[in-house]
Amino acid sequence: MSARRLQPLRLLASVFCGALSSLAFSATSHADAPGPTDYSSRITRIELTEGASLPDGVDISVQGHDAFLSVRVSAGTTVDIMGYEGEPYLRIGADCLVVENQRSMSTWYNRERFGSDVDRGLVNHELPPDWKQVGSNCAVAWHDHRLHYMSPSAPVNAEPGDVLVIDSIPLTISGIEVEVHVESVLVKRPSRATPIATAAITAVVAGMLLWLRLTWLTTIVASFIALALGGAQSLWSAAETGPQLTLIAIPLLALVAAGRAFLARHAPPLVTTVGAQLLCGVLLAVWVWQRARVMTAALLPTSIPYFLDRAGTAVIGTVAVVSSSHAAAVLWRLASTSPTRPTQA
């Protein structure tokens with residue numbers, strides 16, 4: 001096979017290998033960041049030692065709908081958080097430094113929303129705590145599994161509004177024993193009518209623009225929408241809960257690829273334009289795959305109206321499919337076409 005015929009195939013393989021790498025990175029980076037959920041947790045009351053009152057500047061709240069319990073205090077206030085087995089787990093010092101005990105079982109079990117595997121070789125409650133600094137702003141947030149229901153699927157026969165979790169979380173704040181009482185409620189899932197209708201309309205519009213050879217326009221618009229939605233989600237998440245940087249990084253890369261397709265649309269070789277279009281489409285598809293649960297979950301990790309987030313995600317997913325499918329088909333056709341041979345005299 002000639003080098004000319006191999007070039008599109010090599011480009012196609014490179015694009016998909018790069019996309020798979022992006023998908024793997026997005027799946028492992030900040031795995032504990034707040035995500036879509038069907039549960040809403042809240043603090044029902046905060047119980048103190050009789051006659052005691054909390055120091056000024058103490059704020060205890062739920063972050064990520066049901067994902068994290070957050071404690072923020074003023075300088076000079078100390079906080080001690082014990083683990084599930086009664087071991088020292090987290091501590092906020094009077095100097096605002098936040099430390100985590102690397103020998104605590106809770107340190108490893110709380111890595112992810114639904115629990116993580118614990119290497120018992122690292123856990124030892126008989127030895128003094130092995131403190132590691134994890135913050136310096138007088139605030140800490142952690143996946144306390146007493147705060148939320150520990151499965152992405154609700155119990156059989158559970159109805160929206162049902163209380164699935166009732167528990168309490170003990171803390172010590174400047175020597176005062178504090179009991180944070182919490183509950184978690186199942187929330188009704190949304191209708192799928194809006195994203196389905198949006199995807200159908202987008203498919204028609206994208207098809208028309210494809211026919212007019214304006215595919216670059218759809219990918220640029222879709223990349224900007226993804227950047228806006230990803231930015232809204234990242235800003236909504238508290239800094240200590242680990243926002244997913246890929247929500248912004250992937251749309252930025254897609255926007256660069258879409259811009260390259262636009263700039264090269266009238267310049268040979270065709271493979272440059274089509275390859276950039278394919279890369280943009282695949283990156284947008286990875287981004288949508290990463291956020292797939294926003295289409296079905298009741299509560300989303302964003303500050304914008306949920307129907308706009310779902311509609312925007314449907315637009316991006318449709319553009320990704322149309323754009324990458326068209327680009328892949330063109331590259332395959334180029335790879336399958338034999339080069340023109342000069343006529344023999």
# chains A, B, ... in the order shown; residues from 1 in each chain; ligands from 1
call {"tool": "residues_around", "arguments": {"residues": "Ala254 in chain A", "least_positions_apart": "4", "cutoff": "7 Å", "atoms": "only C-alpha atoms", "output": "NGL selection string"}}
result
:A and (223 or 250 or 258 or 280 or 283-284)
call {"tool": "write_last_selection", "arguments": {"atoms": "C-alpha atoms", "output": "mmCIF file, in the first residue's frame"}}
result
data_model
loop_
_atom_site.group_PDB
_atom_site.id
_atom_site.type_symbol
_atom_site.label_atom_id
_atom_site.label_comp_id
_atom_site.auth_asym_id
_atom_site.auth_seq_id
_atom_site.Cartn_x
_atom_site.Cartn_y
_atom_site.Cartn_z
ATOM 1 C CA SER A 223 -16.640 23.153 21.698
ATOM 2 C CA ILE A 250 -10.851 18.503 26.716
ATOM 3 C CA ALA A 258 -11.979 22.814 15.326
ATOM 4 C CA CYS A 280 -12.426 17.478 17.499
ATOM 5 C CA LEU A 283 -12.589 14.716 21.905
ATOM 6 C CA LEU A 284 -16.150 15.994 22.251
#
call {"tool": "residues_around", "arguments": {"residues": "Thr107 in chain A", "least_positions_apart": "4", "cutoff": "10 Å", "atoms": "only C-alpha atoms", "output": "VMD selection string"}}
result
chain A and resid 83 to 84 88 to 90 100 to 103 111 116 118 123 142 to 143
call {"tool": "residues_around", "arguments": {"residues": "Ile60 in chain A", "least_positions_apart": "3", "cutoff": "8 Å", "atoms": "only C-alpha atoms", "output": "PyMOL selection string"}}
result
chain A and resi 69-72
call {"tool": "write_last_selection", "arguments": {"atoms": "C-alpha atoms", "output": "short mmCIF file (atom, residue, chain, number, x, y, z; two decimals), in the first residue's frame"}}
result
data_model
loop_
_atom_site.label_atom_id
_atom_site.label_comp_id
_atom_site.auth_asym_id
_atom_site.auth_seq_id
_atom_site.Cartn_x
_atom_site.Cartn_y
_atom_site.Cartn_z
CA LEU A 69 -19.21 16.86 54.36
CA SER A 70 -17.32 20.14 54.58
CA VAL A 71 -15.97 21.93 57.64
CA ARG A 72 -14.55 25.45 57.45
#
call {"tool": "closest_residue", "arguments": {"among": "A:Ala328, A:Ala232, A:Ile173, A:Ile43", "to": "Tyr306 in chain A", "atoms": "only C-alpha atoms"}}
result
A:Ala232
call {"tool": "closest_residue", "arguments": {"among": "A:Val180, A:Ala239, A:Ala276, A:Val294", "to": "Gly312 in chain A", "atoms": "only C-alpha atoms"}}
result
A:Val294
call {"tool": "select_by_dssp", "arguments": {"residues": "range 172-277 of chain A", "states": "strand (DSSP E or B)", "output": "PyMOL selection string"}}
result
chain A and resi 172-173+176-186
call {"tool": "residues_around", "arguments": {"residues": "Asp95 in chain A", "least_positions_apart": "2", "cutoff": "12 Å", "atoms": "only C-alpha atoms", "output": "PyMOL selection string"}}
result
chain A and resi 73-79+91-93+97-99+135-139
call {"tool": "write_last_selection", "arguments": {"atoms": "N, CA and C atoms", "output": "mmCIF file, in the first residue's frame"}}
result
data_model
loop_
_atom_site.group_PDB
_atom_site.id
_atom_site.type_symbol
_atom_site.label_atom_id
_atom_site.label_comp_id
_atom_site.auth_asym_id
_atom_site.auth_seq_id
_atom_site.Cartn_x
_atom_site.Cartn_y
_atom_site.Cartn_z
ATOM 1 N N VAL A 73 -13.370 26.665 59.211
ATOM 2 C CA VAL A 73 -13.269 27.387 60.481
ATOM 3 C C VAL A 73 -12.366 28.599 60.301
ATOM 4 N N SER A 74 -12.301 29.410 61.332
ATOM 5 C CA SER A 74 -11.400 30.561 61.333
ATOM 6 C C SER A 74 -10.052 30.157 61.940
ATOM 7 N N ALA A 75 -9.025 30.935 61.645
ATOM 8 C CA ALA A 75 -7.707 30.686 62.221
ATOM 9 C C ALA A 75 -7.801 30.702 63.743
ATOM 10 N N GLY A 76 -7.104 29.770 64.372
ATOM 11 C CA GLY A 76 -7.126 29.646 65.826
ATOM 12 C C GLY A 76 -8.080 28.578 66.312
ATOM 13 N N THR A 77 -8.975 28.105 65.438
ATOM 14 C CA THR A 77 -9.911 27.033 65.788
ATOM 15 C C THR A 77 -9.351 25.697 65.311
ATOM 16 N N THR A 78 -9.442 24.682 66.138
ATOM 17 C CA THR A 78 -8.954 23.357 65.762
ATOM 18 C C THR A 78 -10.128 22.402 65.540
ATOM 19 N N VAL A 79 -9.920 21.438 64.662
ATOM 20 C CA VAL A 79 -10.939 20.424 64.376
ATOM 21 C C VAL A 79 -10.268 19.058 64.339
ATOM 22 N N ARG A 91 -7.407 16.451 60.582
ATOM 23 C CA ARG A 91 -7.217 17.459 61.612
ATOM 24 C C ARG A 91 -6.979 18.817 60.959
ATOM 25 N N ILE A 92 -7.653 19.828 61.475
ATOM 26 C CA ILE A 92 -7.366 21.220 61.100
ATOM 27 C C ILE A 92 -6.696 21.864 62.308
ATOM 28 N N GLY A 93 -5.483 22.369 62.105
ATOM 29 C CA GLY A 93 -4.745 22.979 63.208
ATOM 30 C C GLY A 93 -5.104 24.443 63.391
ATOM 31 N N LEU A 97 -3.498 24.685 58.930
ATOM 32 C CA LEU A 97 -2.999 23.545 58.154
ATOM 33 C C LEU A 97 -3.941 22.354 58.335
ATOM 34 N N VAL A 98 -4.230 21.653 57.226
ATOM 35 C CA VAL A 98 -5.089 20.470 57.232
ATOM 36 C C VAL A 98 -4.215 19.250 56.980
ATOM 37 N N VAL A 99 -4.311 18.260 57.872
ATOM 38 C CA VAL A 99 -3.494 17.056 57.729
ATOM 39 C C VAL A 99 -4.392 15.823 57.741
ATOM 40 N N GLY A 135 -3.943 20.438 52.946
ATOM 41 C CA GLY A 135 -4.550 21.744 52.761
ATOM 42 C C GLY A 135 -3.959 22.755 53.704
ATOM 43 N N SER A 136 -4.287 24.026 53.464
ATOM 44 C CA SER A 136 -3.734 25.080 54.328
ATOM 45 C C SER A 136 -4.680 26.267 54.444
ATOM 46 N N ASN A 137 -5.984 26.029 54.195
ATOM 47 C CA ASN A 137 -6.931 27.146 54.175
ATOM 48 C C ASN A 137 -8.039 27.016 55.222
ATOM 49 N N CYS A 138 -7.770 26.280 56.296
ATOM 50 C CA CYS A 138 -8.742 26.137 57.390
ATOM 51 C C CYS A 138 -10.029 25.455 56.935
ATOM 52 N N ALA A 139 -9.981 24.641 55.893
ATOM 53 C CA ALA A 139 -11.187 23.973 55.402
ATOM 54 C C ALA A 139 -10.836 22.572 54.923
#
call {"tool": "residues_around", "arguments": {"residues": "Gly231 in chain A", "least_positions_apart": "4", "cutoff": "7 Å", "atoms": "only C-alpha atoms", "output": "PyMOL selection string"}}
result
chain A and resi 227+235+248
call {"tool": "write_last_selection", "arguments": {"atoms": "C-alpha atoms", "output": "PDB file, in the first residue's frame"}}
result
ATOM      1  CA  LEU A 227     -16.219  24.794  27.597  1.00  0.00           C
ATOM      2  CA  LEU A 235     -16.667  26.663  39.452  1.00  0.00           C
ATOM      3  CA  ILE A 248     -12.191  22.292  30.702  1.00  0.00           C
TER       4      ILE A 248
END
